[in-house]
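Some notes on the structure that comes next.
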Protein chains: 2
Amino acid sequence: MAVRDVQSGARNEDGIRAVLGILKQAFGDRFQTGQSFREQHAHTTTYLPAQLPDGVVFVETNEDVKSVVRTCAEHRVPVIPFGVGSSLEGQVNAPSGGISVDFSRMNKVLRISPEDLDVTVEPGITREELNRELRDTGLFFPIDPGANATIGGMASTRASGTNAVRYGTMKDNVLALTVVTADGEEIRTARRARKSSAGYDLTRLFVGAEGTLGVITSVTLKLQGIPEKIGGGVCAFPSVEAACNAVIMTIQMGVPVARIELLDDVQIKACNAYSDLSYPEKPTLFLEFHGTEDTVRIQSEQFAEIAAECGGDEFQWTANAEERTKLWNARHNAYWAGRALDPSLNGLSTDVCVPISRLAECVAETQADIQSSGLLAPIVGHAGDGNFHVLVLFYDKDPASVANVEAFTERLSRRALAMDGTCTGEHGIGQGKISYLDEELGGALDVMRSVKKGLDPENIFNPGKIFRMAQA
Amino acid sequence: MAVRDVQSGARNEDGIRAVLGILKQAFGDRFQTGQSFREQHAHTTTYLPAQLPDGVVFVETNEDVKSVVRTCAEHRVPVIPFGVGSSLEGQVNAPSGGISVDFSRMNKVLRISPEDLDVTVEPGITREELNRELRDTGLFFPIDPGANATIGGMASTRASGTNAVRYGTMKDNVLALTVVTADGEEIRTARRARKSSAGYDLTRLFVGAEGTLGVITSVTLKLQGIPEKIGGGVCAFPSVEAACNAVIMTIQMGVPVARIELLDDVQIKACNAYSDLSYPEKPTLFLEFHGTEDTVRIQSEQFAEIAAECGGDEFQWTANAEERTKLWNARHNAYWAGRALDPSLNGLSTDVCVPISRLAECVAETQADIQSSGLLAPIVGHAGDGNFHVLVLFYDKDPASVANVEAFTERLSRRALAMDGTCTGEHGIGQGKISYLDEELGGALDVMRSVKKGLDPENIFNPGKIFRMAQA
């Protein structure tokens with residue numbers, strides 16, 4: 001039994017049969033239809049049931065992508081781009097069948113311009129691979145969603161993560177894309193200038209489109225200089241509210257924190273157990289500062305004052321790399337620490353984002369909801385953005401447990417919407433949040449559908465994600 | 001004689017006649033068809049010939065906007081949103097006639113949330129009005145394109161200006177919009193959360209669309225805390241190249257400059273004469289730093305070191321507000337100083353933006369071109385973004401002078417494109433740069449046209465701007 005049923009779409013059996021034949025012919029061993037390949041490309045970190053593609057093609061060039069799109073377009077067969085499968089809302093499922101386009105072999109850095117602080121990569125490169133490639137340039141790519149996702153996947157879900165508060169999200173860090181559109185042609189959304197007023201912002205139209213408007217074939221990204229100095233620290237607070245107040249003051253005073261993460265008491269308990277630590281089991285902020293020796297120190301002092309004013313414990317900070325790594329490892333392992341609270345259970349990771357003034361209220365109400373629902377569910381927040389995650393543990397063989405978690409996530413999304421927030425800050429809509437998007441944006445969905453129809457009239461690109469076209 | 005002929009579109013005379021009658025009936029004195037009103041709404045700072053709308057409606061509410069759009073949509077008559085008319089590429093012209101929608105009476109602040117650092121305004125408020133309204137909150141809206149433009153206009157051209165290097169452009173600072181679409185309904189593009197992965201990024205689709213996809217009725221903006229301390233300074237360099245190298249190093253080292261502006265020797269000479277100053281007549285950088293007492297000092301020291309390394313003169317900086325104001329007044333008056341070089345001539349202000357590594361080369365080649373073309377044309381650049389303006393002085397009654405400036409601006413746009421830049425960093429395409437957009441983005445224009453057709457099938461919203469639909 002899976003959380004939330006996902007709709008299956010109509011399958012175009014004739015088209016699929018034709019495409020399987022053509023792709024086998026064209027790609028040989030690079031096209032696979034075996035069960036294990038198909039399962040591997042639908043079985044992801046999502047809590048949603050797998051819906052397998054009919055075949056998986058391992059593309060190696062932009063021409064490969066064009067050829068796959070042309071073949072699928074001609075026969076009206078779905079095209080589903082695949083990175084590493086770390087998306088959380090069913091983005092790589094194939095509800096109407098179709099072809100999974102695996103980008104693992106398109107993972108090269110195409111060019112770096114250290115002077116311009118930008119890089120162009122193939123979409124299949126992961127963020128860790130990219131940062132390894134950049135090591136000798138003194139530059140890095142800051143966006144860090146936790147998972148070692150591909151850049152193409154991160155662009156497609158408008159990913160962000162722990163340091164978005166300082167460096168922005170994928171929307172802010174993609175300079176340009178090349179994309180294969182429904183006619184099988186490749187377009188370039190922008191030149192390499194830092195800014196432009198030249199026509200519609202197609203770059204940001206494809207960023208976050210979850211592969212529903214075209215297939216990304218390259219991504220030009222902004223880079224950042226590796227900070228001269230990085231400092232980190234931890235501070236416990238008597239309540240979520242106190243911690244959130246410290247976050248608001250920090251943002252309001254313009255302290256350029258690189259990360260400011262909230263872990264609730266349940267999460268801290270989980271991290272202590274998992275990473276053999278002994279943090280006080282209270283709501284806690286993890287911080288990171290980037291700058292020079294001097295500015296990092298100044299920022300830390302500014303935050304320490306704010307924390308004291310908000311009733312926080314002493315702010316323990318360090319510029320020592322080893323201690324900082326240990327600290328952030330605890331944060332980075334939060335998901336696995338949460339899962340380890342009860343390894344016999346399944347985990348559903350969901351996220352919402354609210355205006356920062358409502359964060360304390362939203363987290364506190366959610367904690368109360370968790371308690372009254374009898375759930376085990378640690379909370380981790382990218383507090384500087386008003387974004388937080390709940391990892392809900394549940395037992396997928398027990399209908400009551402599934403129903404309980406479904407009702408909880410529904411209340412969570414509605415709570416965020418009632419506070420003028422969004423049902424997803426960084427995971428995307430995929431299949432899992434389609435119903436909330438309607439509540440969130442109403443009539444704007446018709447505009448999205450008009451865009452979709454204009455760019456993908458046959459609905460071949462990742463159908464069944466973000467919205468249902470039938471409602472149009 | 002005007003620079004560059006603009007195409008006139010076909011006029012729907014029957015529709016226009018019908019709409020004039022209906023709007024007169026509905027809006028009374030708030031609908032004007034007199035010559036002076038019509039001229040005032042087409043005669044703007046652009047160098048392009050005026051194309052008058054058939055009537056001007058002074059809207060006061062969102063319902064007014066809906067009613068105008070519905071009337072115009074029903075009769076297929078163009079709708080042209082109007083702020084203060086400070087756009088530079090003919091964005092408010094009416095090549096097929098139609099109705100100018102004047103937003104000067106929709107200029108209220110609708111809500112402020114100091115805790116969330118955001119504000120929602122009606123589109124007709126100017127940036128100076130907005131900052132006056134914000135004065136007591138300790139917050140400000142940073143984007144400063146020079147002109148006291150309206151927020152709606154700034155959103156529509158994806159404006160930026162001197163401090164985009166620190167605070168980004170309108171694309172980065174608009175959180176959400178309400179927009180009246182072609183069916184006369186109002187949509188909201190996003191909630192008020194700082195970030196979201198919920199569906200297509202409609203906010204950024206309408207930002208920079210120059211009114212061709214719908215009419216903006218409110219804008220939710222990010223705000224910034226007024227810096228505790230602001231420092232400024234000036235530094236002359238032996239060459240444009242040396243100045244640009246200092247800019248590149250400053251950006252690469254992550255010094256968070258708030259403004260870093262390049263004025264070439266011709267512009268400095270103009271500023272000296274206009275503002276009674278005595279700066280050395282050499283390429284000069286004007287800088288501004290935002291932060292605390294300490295961080296501003298540290299940033300200034302960092303820059304001074306960089307400047308010295310690049311062969312600059314001594315960096316003269318000040319944290320004194322009066323001196324800083326004097327310094328920046330010189331920069332802000334650059335346009336008028338340039339015009340004053342020869343008050344008998346007309347001025348054409350154009351902009352391009354290139355990857356920062358190509359800035360020195362692009363400016364130097366442009367200076368050589370100016371010289372060999374016998375033109376008088378000071379250069380001012382938002383150097384941190386690779387964006388610069390040329391103010392070309394010419395005599396609009398002399399065909400040879402007009403032809404000369406036309407050929408020059410064409411070479412300038414092509415030069416930027418050849419360096420992987422854009423034909424406009426912040427002025428937009430309007431009517432003036434339609435031909436370059438095709439060169440810049442090629443096939444991507446078809447995607448833009450598909451979006452346009454999907455959202456505005458009858459092409460009523462600001463037709464004849466950005467691209468010609470006939471080419472589709």
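Identifiers in this document derive from the order of the structure tokens: chains are assigned A, B, ..., residues are numbered from 1 separately in each chain, and ligands are numbered from 1 in order of occurrence.
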Any idea what's packed within 6 Å of region 56-68 of chain B, counting only C-alpha atoms, ignoring anything in its chain fewer than 3 positions away? Could you give it as an MDAnalysis selection string?
chainID B and resid 30:32 71 99:102 105:106 184
Let me see the file: selected residues, all heavy atoms, as a JSON list (two decimals), in the first residue's frame.
[["chain", "number", "residue", "atom", "x", "y", "z"],
["B", 30, "ARG", "N", -12.39, 60.16, -16.91],
["B", 30, "ARG", "CA", -11.18, 59.36, -16.74],
["B", 30, "ARG", "C", -10.75, 58.69, -18.06],
["B", 30, "ARG", "O", -9.79, 57.95, -18.10],
["B", 30, "ARG", "CB", -11.39, 58.30, -15.66],
["B", 30, "ARG", "CG", -11.52, 58.93, -14.27],
["B", 30, "ARG", "CD", -11.22, 57.94, -13.18],
["B", 30, "ARG", "NE", -12.33, 57.02, -12.98],
["B", 30, "ARG", "CZ", -12.20, 55.70, -12.96],
["B", 30, "ARG", "NH1", -11.01, 55.15, -13.15],
["B", 30, "ARG", "NH2", -13.24, 54.93, -12.76],
["B", 31, "PHE", "N", -11.47, 58.98, -19.12],
["B", 31, "PHE", "CA", -11.06, 58.52, -20.45],
["B", 31, "PHE", "C", -10.89, 59.73, -21.35],
["B", 31, "PHE", "O", -11.81, 60.54, -21.49],
["B", 31, "PHE", "CB", -12.10, 57.55, -21.04],
["B", 31, "PHE", "CG", -11.68, 57.01, -22.37],
["B", 31, "PHE", "CD1", -10.55, 56.21, -22.49],
["B", 31, "PHE", "CD2", -12.41, 57.30, -23.53],
["B", 31, "PHE", "CE1", -10.15, 55.72, -23.73],
["B", 31, "PHE", "CE2", -12.01, 56.80, -24.76],
["B", 31, "PHE", "CZ", -10.88, 56.00, -24.86],
["B", 32, "GLN", "N", -9.72, 59.88, -21.90],
["B", 32, "GLN", "CA", -9.39, 61.08, -22.68],
["B", 32, "GLN", "C", -8.92, 60.71, -24.08],
["B", 32, "GLN", "O", -8.12, 59.80, -24.24],
["B", 32, "GLN", "CB", -8.28, 61.87, -21.96],
["B", 32, "GLN", "CG", -8.69, 62.41, -20.59],
["B", 32, "GLN", "CD", -9.69, 63.57, -20.69],
["B", 32, "GLN", "OE1", -9.82, 64.21, -21.75],
["B", 32, "GLN", "NE2", -10.42, 63.83, -19.61],
["B", 71, "THR", "N", -13.22, 44.95, -22.56],
["B", 71, "THR", "CA", -13.75, 45.73, -23.68],
["B", 71, "THR", "C", -12.82, 45.64, -24.89],
["B", 71, "THR", "O", -13.26, 45.40, -26.02],
["B", 71, "THR", "CB", -13.91, 47.21, -23.23],
["B", 71, "THR", "OG1", -14.77, 47.25, -22.10],
["B", 71, "THR", "CG2", -14.48, 48.06, -24.35],
["B", 99, "ILE", "N", -5.58, 51.57, -26.82],
["B", 99, "ILE", "CA", -5.85, 52.29, -25.58],
["B", 99, "ILE", "C", -4.63, 52.26, -24.66],
["B", 99, "ILE", "O", -4.12, 51.20, -24.32],
["B", 99, "ILE", "CB", -7.05, 51.65, -24.85],
["B", 99, "ILE", "CG1", -8.28, 51.60, -25.78],
["B", 99, "ILE", "CG2", -7.37, 52.39, -23.55],
["B", 99, "ILE", "CD1", -8.73, 52.95, -26.35],
["B", 100, "SER", "N", -4.17, 53.45, -24.29],
["B", 100, "SER", "CA", -3.11, 53.55, -23.29],
["B", 100, "SER", "C", -3.75, 53.48, -21.90],
["B", 100, "SER", "O", -4.68, 54.23, -21.60],
["B", 100, "SER", "CB", -2.37, 54.89, -23.47],
["B", 100, "SER", "OG", -1.38, 55.03, -22.48],
["B", 101, "VAL", "N", -3.27, 52.56, -21.08],
["B", 101, "VAL", "CA", -3.82, 52.41, -19.73],
["B", 101, "VAL", "C", -2.87, 53.08, -18.75],
["B", 101, "VAL", "O", -1.79, 52.58, -18.46],
["B", 101, "VAL", "CB", -4.00, 50.92, -19.37],
["B", 101, "VAL", "CG1", -4.66, 50.76, -18.01],
["B", 101, "VAL", "CG2", -4.81, 50.19, -20.44],
["B", 102, "ASP", "N", -3.28, 54.26, -18.28],
["B", 102, "ASP", "CA", -2.42, 55.08, -17.43],
["B", 102, "ASP", "C", -2.59, 54.66, -15.97],
["B", 102, "ASP", "O", -3.69, 54.71, -15.43],
["B", 102, "ASP", "CB", -2.78, 56.55, -17.61],
["B", 102, "ASP", "CG", -1.87, 57.46, -16.83],
["B", 102, "ASP", "OD1", -1.83, 57.33, -15.59],
["B", 102, "ASP", "OD2", -1.19, 58.32, -17.43],
["B", 105, "ARG", "N", -2.86, 56.78, -11.22],
["B", 105, "ARG", "CA", -3.76, 56.82, -10.06],
["B", 105, "ARG", "C", -3.79, 55.50, -9.29],
["B", 105, "ARG", "O", -4.49, 55.40, -8.28],
["B", 105, "ARG", "CB", -5.17, 57.19, -10.53],
["B", 105, "ARG", "CG", -5.20, 58.55, -11.21],
["B", 105, "ARG", "CD", -6.60, 58.95, -11.61],
["B", 105, "ARG", "NE", -6.55, 60.10, -12.50],
["B", 105, "ARG", "CZ", -7.60, 60.69, -13.03],
["B", 105, "ARG", "NH1", -8.82, 60.24, -12.74],
["B", 105, "ARG", "NH2", -7.48, 61.72, -13.83],
["B", 106, "MET", "N", -3.09, 54.51, -9.81],
["B", 106, "MET", "CA", -2.96, 53.26, -9.04],
["B", 106, "MET", "C", -1.54, 53.22, -8.50],
["B", 106, "MET", "O", -0.68, 52.50, -9.02],
["B", 106, "MET", "CB", -3.25, 52.03, -9.93],
["B", 106, "MET", "CG", -4.74, 51.80, -10.13],
["B", 106, "MET", "SD", -5.11, 50.31, -11.11],
["B", 106, "MET", "CE", -4.72, 49.00, -9.93],
["B", 184, "GLY", "N", -9.70, 38.75, -19.35],
["B", 184, "GLY", "CA", -10.21, 39.75, -18.42],
["B", 184, "GLY", "C", -10.25, 39.28, -16.98],
["B", 184, "GLY", "O", -10.76, 39.98, -16.10]]
Name all residues at most 10 Å from Glu410 (chain B) (count only C-alpha atoms; drop same-chain ones fewer than 6 positions away) and give them as a count of residues only.
4
Contacts of Tyr200 (chain A) at 7 Å (only C-alpha atoms; same-chain gap of 4+ positions) as an NGL selection string
:B and (205 or 208-209 or 448)
Write the residues you've just listed into a file as a PDB file, in the first residue's frame, and include C-alpha atoms for each of them.
ATOM      1  CA  LEU B 205       7.328  35.113 -17.286  1.00  0.00           C
ATOM      2  CA  GLY B 208      10.298  41.507 -18.697  1.00  0.00           C
ATOM      3  CA  ALA B 209       7.347  40.719 -20.971  1.00  0.00           C
ATOM      4  CA  MET B 448       8.297  33.069 -27.122  1.00  0.00           C
TER       5      MET B 448
END
Just the strand (DSSP E) stuff from region 236-368 of chain A, please, per backbone DSSP, written as a PyMOL selection string.
chain A and resi 236+257-263+284-291+316-318+346-353
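The space between CA of Glu74 (chain B) and CA of Ile460 (chain B) spans 9.9 Å.
Each of B:Leu175, B:Ala94, B:Val219, B:Ala73 was checked against Gly55 (chain B) using only C-alpha atoms; the smallest atom-to-atom distance is that of B:Ala94.
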With a cut-off of 7 Å, could you pull out the residues of chain B touching chain A and give me the nearest pair of atoms for each, distance in Å to one decimal, using only C-alpha atoms, ordered by chain and ascending number, as JSON lines?
{"residue": "B:Glu115", "atom": "CA", "partner": "A:Ser357", "partner_atom": "CA", "distance": 5.7}
{"residue": "B:Asp116", "atom": "CA", "partner": "A:Ile356", "partner_atom": "CA", "distance": 5.7}
{"residue": "B:Thr157", "atom": "CA", "partner": "A:Ser197", "partner_atom": "CA", "distance": 6.4}
{"residue": "B:Arg158", "atom": "CA", "partner": "A:Ser197", "partner_atom": "CA", "distance": 5.7}
{"residue": "B:Ile187", "atom": "CA", "partner": "A:Ala444", "partner_atom": "CA", "distance": 5.3}
{"residue": "B:Arg188", "atom": "CA", "partner": "A:Ala444", "partner_atom": "CA", "distance": 6.2}
{"residue": "B:Thr189", "atom": "CA", "partner": "A:Ala444", "partner_atom": "CA", "distance": 6.1}
{"residue": "B:Ala190", "atom": "CA", "partner": "A:Leu441", "partner_atom": "CA", "distance": 6.6}
{"residue": "B:Arg191", "atom": "CA", "partner": "A:Asp420", "partner_atom": "CA", "distance": 5.6}
{"residue": "B:Arg192", "atom": "CA", "partner": "A:Asp420", "partner_atom": "CA", "distance": 5.7}
{"residue": "B:Ala193", "atom": "CA", "partner": "A:Pro355", "partner_atom": "CA", "distance": 4.6}
{"residue": "B:Arg194", "atom": "CA", "partner": "A:Asp385", "partner_atom": "CA", "distance": 5.7}
{"residue": "B:Lys195", "atom": "CA", "partner": "A:Gly425", "partner_atom": "CA", "distance": 5.6}
{"residue": "B:Ser196", "atom": "CA", "partner": "A:Gly425", "partner_atom": "CA", "distance": 4.0}
{"residue": "B:Ser197", "atom": "CA", "partner": "A:Gly428", "partner_atom": "CA", "distance": 4.6}
{"residue": "B:Ala198", "atom": "CA", "partner": "A:Gly428", "partner_atom": "CA", "distance": 5.6}
{"residue": "B:Gly199", "atom": "CA", "partner": "A:Ile466", "partner_atom": "CA", "distance": 6.0}
{"residue": "B:Tyr200", "atom": "CA", "partner": "A:Ala209", "partner_atom": "CA", "distance": 5.5}
{"residue": "B:Asp201", "atom": "CA", "partner": "A:Leu205", "partner_atom": "CA", "distance": 5.8}
{"residue": "B:Arg204", "atom": "CA", "partner": "A:Asp201", "partner_atom": "CA", "distance": 6.4}
{"residue": "B:Leu205", "atom": "CA", "partner": "A:Asp201", "partner_atom": "CA", "distance": 5.8}
{"residue": "B:Gly208", "atom": "CA", "partner": "A:Tyr200", "partner_atom": "CA", "distance": 6.1}
{"residue": "B:Ala209", "atom": "CA", "partner": "A:Tyr200", "partner_atom": "CA", "distance": 5.5}
{"residue": "B:Gly225", "atom": "CA", "partner": "A:Gln252", "partner_atom": "CA", "distance": 6.1}
{"residue": "B:Ile248", "atom": "CA", "partner": "A:Glu115", "partner_atom": "CA", "distance": 6.8}
{"residue": "B:Gln252", "atom": "CA", "partner": "A:Gly225", "partner_atom": "CA", "distance": 6.1}
{"residue": "B:Met253", "atom": "CA", "partner": "A:Gly225", "partner_atom": "CA", "distance": 6.3}
{"residue": "B:Gly254", "atom": "CA", "partner": "A:Gly225", "partner_atom": "CA", "distance": 6.3}
{"residue": "B:Thr295", "atom": "CA", "partner": "A:Thr295", "partner_atom": "CA", "distance": 6.5}
{"residue": "B:Cys353", "atom": "CA", "partner": "A:Ala193", "partner_atom": "CA", "distance": 5.9}
{"residue": "B:Val354", "atom": "CA", "partner": "A:Ala193", "partner_atom": "CA", "distance": 4.8}
{"residue": "B:Pro355", "atom": "CA", "partner": "A:Ala193", "partner_atom": "CA", "distance": 4.6}
{"residue": "B:Ile356", "atom": "CA", "partner": "A:Asp116", "partner_atom": "CA", "distance": 5.7}
{"residue": "B:Ser357", "atom": "CA", "partner": "A:Asp116", "partner_atom": "CA", "distance": 5.7}
{"residue": "B:Asp385", "atom": "CA", "partner": "A:Arg194", "partner_atom": "CA", "distance": 5.7}
{"residue": "B:Asp420", "atom": "CA", "partner": "A:Arg191", "partner_atom": "CA", "distance": 5.6}
{"residue": "B:Gly421", "atom": "CA", "partner": "A:Ala193", "partner_atom": "CA", "distance": 4.9}
{"residue": "B:Thr422", "atom": "CA", "partner": "A:Ser196", "partner_atom": "CA", "distance": 6.2}
{"residue": "B:Thr424", "atom": "CA", "partner": "A:Ser197", "partner_atom": "CA", "distance": 5.6}
{"residue": "B:Gly425", "atom": "CA", "partner": "A:Ser196", "partner_atom": "CA", "distance": 4.0}
{"residue": "B:Glu426", "atom": "CA", "partner": "A:Ser197", "partner_atom": "CA", "distance": 5.0}
{"residue": "B:His427", "atom": "CA", "partner": "A:Ser197", "partner_atom": "CA", "distance": 6.4}
{"residue": "B:Gly428", "atom": "CA", "partner": "A:Ser197", "partner_atom": "CA", "distance": 4.6}
{"residue": "B:Ile429", "atom": "CA", "partner": "A:Ala198", "partner_atom": "CA", "distance": 5.7}
{"residue": "B:Leu437", "atom": "CA", "partner": "A:Ala198", "partner_atom": "CA", "distance": 6.6}
{"residue": "B:Leu441", "atom": "CA", "partner": "A:Arg188", "partner_atom": "CA", "distance": 6.6}
{"residue": "B:Gly443", "atom": "CA", "partner": "A:Ile187", "partner_atom": "CA", "distance": 5.6}
{"residue": "B:Ala444", "atom": "CA", "partner": "A:Ile187", "partner_atom": "CA", "distance": 5.3}
{"residue": "B:Val447", "atom": "CA", "partner": "A:Leu455", "partner_atom": "CA", "distance": 6.7}
{"residue": "B:Met448", "atom": "CA", "partner": "A:Tyr200", "partner_atom": "CA", "distance": 6.4}
{"residue": "B:Ser450", "atom": "CA", "partner": "A:Gly454", "partner_atom": "CA", "distance": 5.1}
{"residue": "B:Val451", "atom": "CA", "partner": "A:Val451", "partner_atom": "CA", "distance": 5.5}
{"residue": "B:Gly454", "atom": "CA", "partner": "A:Ser450", "partner_atom": "CA", "distance": 5.1}
{"residue": "B:Leu455", "atom": "CA", "partner": "A:Ser450", "partner_atom": "CA", "distance": 6.3}
{"residue": "B:Ile466", "atom": "CA", "partner": "A:Gly199", "partner_atom": "CA", "distance": 6.0}
Can you pull out the residues contacting region 390-405 of chain A? Cut-off 6 Å, using only C-alpha atoms, and skip same-chain residues under 3 positions away; I want them as a list in words.
Met1, Val3, Leu345, Asn346, Gly347, Leu348, Ser349, Thr350, Leu376, Ala377, Pro378, Ile379 and Phe408 of chain A
Give me, as a PyMOL selection string, all polymer residues having an atom no more than 12 Å from region 322-330 of chain A, counting only C-alpha atoms and skipping those fewer than 5 positions away in the same chain.
chain A and resi 146+162+229-235+259-261+263+267-279+285-289+316-317+335-338+380
Run DSSP on the backbone and grab whatever in region 180-362 of chain A lands in helix (DSSP H, G or I); send it over as a count of residues only.
71
Computed gap from CA of Leu177 (chain B) to CA of Thr137 (chain B) is 22.5 Å
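CA of Val266 (chain B) to CA of Ala368 (chain B) spans 12.5 Å [interatomic distance, one decimal].
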